[in-house]
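Below: the structure, in structure tokens.
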Number of protein chains: 2
Amino acid sequence: MSETMARIVLAARPDGAPTLDDFRLETVPLAAPGKGEVLVRVRYLSLDPYMRGRMDDAKSYAAPVPLGGLMEGGAVGEVVTSNSPHFAPGDIAFGPFGWASHGIAPASHCRKVDPDQAEITTSLGVLGMPGFTGWHGLNEFGRPQSGETLVVAAATGPVGSMVGQLAKSMGLRVIGIAGGTEKCVAARELFGFDACIDHSAHGSADDLRAALKEVCPEGIDIYFENVGGKVLEAVLPLMNPHGRIPICGMIAWYNAGGLGESAQDMGLTAPKLWRNILVKFLSVNGFIISNHWNRFPEFLNQVAPLVADGSIAVKEDITDGLENAPQAFIDLLEGGNFGKAIVKVA
Amino acid sequence: MSETMARIVLAARPDGAPTLDDFRLETVPLAAPGKGEVLVRVRYLSLDPYMRGRMDDAKSYAAPVPLGGLMEGGAVGEVVTSNSPHFAPGDIAFGPFGWASHGIAPASHCRKVDPDQAEITTSLGVLGMPGFTGWHGLNEFGRPQSGETLVVAAATGPVGSMVGQLAKSMGLRVIGIAGGTEKCVAARELFGFDACIDHSAHGSADDLRAALKEVCPEGIDIYFENVGGKVLEAVLPLMNPHGRIPICGMIAWYNAGGLGESAQDMGLTAPKLWRNILVKFLSVNGFIISNHWNRFPEFLNQVAPLVADGSIAVKEDITDGLENAPQAFIDLLEGGNFGKAIVKVA
């Protein structure tokens with residue numbers, strides 16, 4: 001066992017978009033796991049948009065990462081030492097190990113990953129938190145019905161691609177939004193979306209709306225919200241009566257600081273947003289998947305076989321080296337990733 | 001039978017708050033009811049905030065009133081002629097007769113009102129559309145639980161007072177918001193609210209929020225939304241995780257024209273609104289009661305006895321004379337009414 005570990009800590013709170021200076025790579029002594037804990041050598045760590053929120057000192061559903069503290073996040077690796085009967089050395093475990101080469105966590109906060117079921121990277125994406133977010137949000141709050149139209153942005157990301165593929169299998173017309181031709185082609189050909197609109201080719205919300213309208217001739221019944229911003233502004237007037245909007249994120253606004261200034265100029269005001277909800281009888285539900293882990297086994301039972309037989313496609317974007325995690329994360333917030341953002345640590 | 005009828009039509013589309021010039025009183029020949037229709041002599045007509053929306057030429061859940069057209073609305077009166085087996089002359093009928101001395105409507109669009117059950121004016125308020133709106137919105141979208149805290153504005157209006165009284169009877173802590181001392185006293189003493197905040201005594205959303213915080217020490221679980229504006233801005237940061245916001249109206253914004261300009265300066269931006277829904281896992285549902293008439297009999301069965309035995313209190317604000325309906329409506333939009341706004345026609 002190595003005597004030290006590498007980790008990335010929050011060096012400064014970003015003002016708007018994070019920069020490399022907001023992160024610091026450290027080497028620290030490796031602690032020993034306590035009672036009921038496991039020590040894991042991380043192989044892959046997950047980069048997810050929600051981590052941007054943890055970098056701000058703002059009240060949210062989770063406490064912020066303290067300055068100088070380990071960047072939080074899920075990771076998967078090999079158990080080195082276990083003080084729990086539920087894990088043995090050599091087991092593959094997913095847990096809250098953060099941006100680090102090693103992690104220690106209570107066994108009760110970890111889950112065993114079966115490397116024969118799928119590549120272990122999938123525990124971070126399609127068969128992990130993002131995939132589960134798409135599955136749960138779609139079923140619980142989207143209430144999809146065959147023949148309806150669904151729109152989801154970040155269509156080639158791990159949430160959007162799950163939502164799109166599941167909805168398609170239920171008989172919905174599924175429209176993606178993504179940045180760039182390559183992603184739009186993948187949305188259609190790899191993930192089977194009926195159409196995918198390139199938001200980078202439509203500068204304004206009005207332009208984007210016109211493009212959406214062409215491929216949503218019967219309006220939009222479900223808008224699975226993970227981006228906010230221009231996409232929300234484009235989509236809202238196209239929502240059908242009794243439409244549903246599950247909200248799991250709003251990445252377009254994560255770098256907006258106080259979430260006000262940069263958005264003040266957009267055409268979508270709070271009264272307009274509220275009025276749309278009223279006059280179209282929309283059902284809007286915010287959710288965070290960590291409140292719903294009790295349904296994770298059901299998700300895994302249903303979706304793991306679909307991944308195994310290829311009916312749910314997987315697209316991962318793997319960056320090599322812990323030291324490159326900050327840049328990969330910065331890219332993720334700007335839509336630079338193509339598929340689930342993962343860092344290979346060891 | 002009179003040969004003519006009086007009615008109020010839309011003379012001009014208002015720019016912001018309506019003025020008397022936007023309405024015109026006319027005398028027109030009285031038509032005869034067609035097959036399956038009834039002719040009713042109106043005794044009381046209802047004034048409701050939603051009518052402001054019908055005056056604009058904007059897409060909504062209902063078509064606008066055409067220029068020169070009868071101002072729409074519910075009214076109650078005595079059947080004069082009936083071409084339907086469901087009504088006899090002398091019956092009391094509620095129907096979509098508008099702002100007029102007489103009305104003709106298909107019998108299928110009317111409902112019989114039992115004058116022995118309660119004063120017939122209650123068919124416009126507590127036992128009509130507004131009361132039903134409160135009952136349905138609270139139960140269906142508010143999902144009240146004993147011990148929770150509910151906030152509703154326009155607390156002495158027909159929706160707010162119904163919501164408050166029902167919620168109180170279910171064991172919730174119930175906080176009203178109203179304009180002026182007299183209404184706040186009535187909210188507490190007549191309708192039994194635990195507290196009522198006078199929004200006119202708190203100029204900014206921050207001030208209003210501070211006052212609410214004192215009387216909602218455990219936060220807000222249900223915000224029954226009927227006003228929007230400053231109240232929404234005050235309430236939102238106090239919402240508890242998993243809170244519910246049924247939206248039946250937003251009267252503060254009805255006069256705002258494009259619903260943008262006047263609200264652009266408020267602190268509540270669309271991103272802030274959206275972020276609150278996400279990070280607090282709120283459930284927000286717009287609804288319009290006309291989609292839910294199938295539950296009206298259930299409502300009436302449950303609530304009419306409560307009105308009869310006095311456990312649901314009634315407060316009506318009756319203006320005398322059809323010609324005074326426009327001014328009473330202008331007052332209503334500015335919160336000048338005290339209780340359900342009704343016009344006595346005959």
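Convention: chains lettered A, B, ... in structure tokens order; per-chain residue numbering from 1; ligands numbered from 1 as shown.
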(request) Within 10 Å of chain A, which residues of chain B are there when counting only C-alpha atoms? Please give them as a PyMOL selection string. (result) chain B and resi 59-62+141+225+228-229+233+241-242+244-250+252-254+256+258-288+291
(message) Taking 4 positions as the minimum chain separation for residues in the same chain, which residues sit within 12 Å of Leu306 (chain B) when counting only C-alpha atoms? Answer as a ChimeraX atom specification.
(response) /B:117-118,126-127,162,165-166,169,299-302,310-314
(request) Work out how far CA of Pro115 (chain A) is from CA of Ile92 (chain A), in Å to one decimal. (result) 7.3 Å
(request) To one decimal in Å, tell me the separation between CA of Ala75 (chain A) and CA of Asn226 (chain A). (result) 22.0 Å
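These are the residues of region 8-146 of chain B assigned helix (DSSP H, G or I) by DSSP from backbone coordinates: B:Leu20, B:Asp21, B:Asp22, B:Met51, B:Arg52, B:Gly53, B:Arg54, B:Ala107, B:Ser108, B:His109, B:Ile120, B:Thr121, B:Thr122, B:Ser123, B:Leu124, B:Met129, B:Pro130, B:Gly131, B:Phe132, B:Thr133, B:Gly134, B:Trp135, B:His136, B:Gly137, B:Leu138, B:Asn139, B:Glu140, B:Phe141, B:Gly142.
Proximity to Asp206 (chain A) at 10 Å, evaluated using only C-alpha atoms and with sequence-adjacent residues fewer than 2 positions away removed, yields His202, Gly203, Ser204, Leu208, Arg209, Ala210, Ala211, Leu212, Lys230, Val231, Glu233, Ala234, Val235 and Gly267 of chain A.
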Save the residues we just selected, all heavy atoms, as a short mmCIF file (atom, residue, chain, number, x, y, z; two decimals), in the first residue's frame?
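Writing done, so here's result_8.cif:
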```
data_model
loop_
_atom_site.label_atom_id
_atom_site.label_comp_id
_atom_site.auth_asym_id
_atom_site.auth_seq_id
_atom_site.Cartn_x
_atom_site.Cartn_y
_atom_site.Cartn_z
N HIS A 202 -28.02 27.85 -33.59
CA HIS A 202 -29.19 28.73 -33.41
C HIS A 202 -28.88 29.68 -32.26
O HIS A 202 -29.00 29.32 -31.09
CB HIS A 202 -30.44 27.90 -33.11
CG HIS A 202 -30.78 26.94 -34.21
ND1 HIS A 202 -31.48 27.31 -35.34
CD2 HIS A 202 -30.46 25.63 -34.37
CE1 HIS A 202 -31.60 26.27 -36.13
NE2 HIS A 202 -31.00 25.23 -35.58
N GLY A 203 -28.47 30.89 -32.63
CA GLY A 203 -27.93 31.80 -31.64
C GLY A 203 -28.92 32.29 -30.60
O GLY A 203 -28.58 32.43 -29.43
N SER A 204 -30.15 32.50 -31.02
CA SER A 204 -31.12 33.06 -30.08
C SER A 204 -32.14 32.00 -29.70
O SER A 204 -32.31 30.99 -30.38
CB SER A 204 -31.86 34.24 -30.72
OG SER A 204 -32.72 33.76 -31.73
N LEU A 208 -33.81 28.97 -31.99
CA LEU A 208 -33.85 27.59 -31.51
C LEU A 208 -35.28 27.09 -31.46
O LEU A 208 -35.58 25.95 -31.84
CB LEU A 208 -33.19 27.53 -30.13
CG LEU A 208 -33.05 26.16 -29.48
CD1 LEU A 208 -32.30 25.19 -30.37
CD2 LEU A 208 -32.34 26.29 -28.12
N ARG A 209 -36.20 27.98 -31.03
CA ARG A 209 -37.61 27.59 -30.96
C ARG A 209 -38.17 27.27 -32.34
O ARG A 209 -38.91 26.30 -32.51
CB ARG A 209 -38.43 28.71 -30.30
CG ARG A 209 -39.89 28.32 -30.06
CD ARG A 209 -40.67 29.43 -29.37
NE ARG A 209 -39.92 29.92 -28.24
CZ ARG A 209 -39.52 31.19 -28.08
NH1 ARG A 209 -39.84 32.10 -28.97
NH2 ARG A 209 -38.83 31.54 -27.02
N ALA A 210 -37.79 28.07 -33.32
CA ALA A 210 -38.28 27.82 -34.69
C ALA A 210 -37.81 26.45 -35.17
O ALA A 210 -38.58 25.71 -35.80
CB ALA A 210 -37.80 28.93 -35.62
N ALA A 211 -36.56 26.11 -34.86
CA ALA A 211 -36.04 24.80 -35.27
C ALA A 211 -36.76 23.67 -34.54
O ALA A 211 -37.07 22.62 -35.12
CB ALA A 211 -34.53 24.74 -35.00
N LEU A 212 -37.02 23.88 -33.26
CA LEU A 212 -37.73 22.85 -32.48
C LEU A 212 -39.16 22.66 -33.01
O LEU A 212 -39.66 21.54 -33.07
CB LEU A 212 -37.80 23.27 -31.01
CG LEU A 212 -36.59 22.93 -30.16
CD1 LEU A 212 -36.70 23.63 -28.80
CD2 LEU A 212 -36.46 21.42 -29.97
N LYS A 230 -31.10 29.35 -22.49
CA LYS A 230 -31.70 29.56 -23.80
C LYS A 230 -32.64 28.43 -24.20
O LYS A 230 -33.68 28.66 -24.84
CB LYS A 230 -30.58 29.69 -24.84
CG LYS A 230 -31.04 29.99 -26.26
CD LYS A 230 -29.85 30.21 -27.19
CE LYS A 230 -29.22 28.91 -27.63
NZ LYS A 230 -28.16 29.11 -28.67
N VAL A 231 -32.28 27.22 -23.81
CA VAL A 231 -33.12 26.07 -24.19
C VAL A 231 -34.48 26.16 -23.52
O VAL A 231 -35.53 25.99 -24.15
CB VAL A 231 -32.42 24.74 -23.85
CG1 VAL A 231 -33.35 23.57 -24.13
CG2 VAL A 231 -31.12 24.60 -24.66
N GLU A 233 -35.95 28.81 -22.48
CA GLU A 233 -36.67 29.94 -23.10
C GLU A 233 -37.27 29.53 -24.45
O GLU A 233 -38.38 29.93 -24.80
CB GLU A 233 -35.71 31.12 -23.28
CG GLU A 233 -36.42 32.40 -23.67
CD GLU A 233 -35.45 33.59 -23.77
OE1 GLU A 233 -34.29 33.48 -23.33
OE2 GLU A 233 -35.88 34.62 -24.31
N ALA A 234 -36.53 28.70 -25.18
CA ALA A 234 -37.03 28.24 -26.48
C ALA A 234 -38.18 27.26 -26.33
O ALA A 234 -39.16 27.30 -27.08
CB ALA A 234 -35.89 27.58 -27.27
N VAL A 235 -38.07 26.39 -25.36
CA VAL A 235 -39.03 25.29 -25.21
C VAL A 235 -40.37 25.75 -24.65
O VAL A 235 -41.44 25.30 -25.09
CB VAL A 235 -38.43 24.20 -24.30
CG1 VAL A 235 -39.51 23.26 -23.75
CG2 VAL A 235 -37.36 23.41 -25.06
N GLY A 267 -35.02 37.03 -22.48
CA GLY A 267 -36.43 37.37 -22.62
C GLY A 267 -37.32 36.68 -21.61
O GLY A 267 -38.47 37.07 -21.41
#
```
(request) Considering only C-alpha atoms, return as an NGL selection string whatever protein or nucleic-acid residues lie within 12 Å of Tyr44 (chain A), sequence-local ones (same chain, fewer than 4 positions apart) excluded. (result) :A and (40 or 73-78 or 92-103 or 119-125 or 316-322 or 325 or 340-346)
(message) Using only C-alpha atoms, which protein or nucleic acid residues come within 8 Å of Ile104 (chain B)? Drop anything in the same chain fewer than 4 positions from it, and give the result as a PyMOL selection string.
(response) chain B and resi 32-33+37-40+97
Suppose we keep C-alpha atoms; can you now write the selection as a PDB file, in the first residue's frame?
```pdb
ATOM      1  CA  ALA B  32     -85.335  33.971 -27.602  1.00  0.00           C
ATOM      2  CA  PRO B  33     -83.681  30.817 -26.270  1.00  0.00           C
ATOM      3  CA  GLU B  37     -81.441  26.503 -24.001  1.00  0.00           C
ATOM      4  CA  VAL B  38     -82.673  28.533 -21.065  1.00  0.00           C
ATOM      5  CA  LEU B  39     -83.290  32.245 -20.716  1.00  0.00           C
ATOM      6  CA  VAL B  40     -82.330  33.571 -17.312  1.00  0.00           C
ATOM      7  CA  PHE B  97     -74.332  34.640 -18.644  1.00  0.00           C
TER       8      PHE B  97
END
```
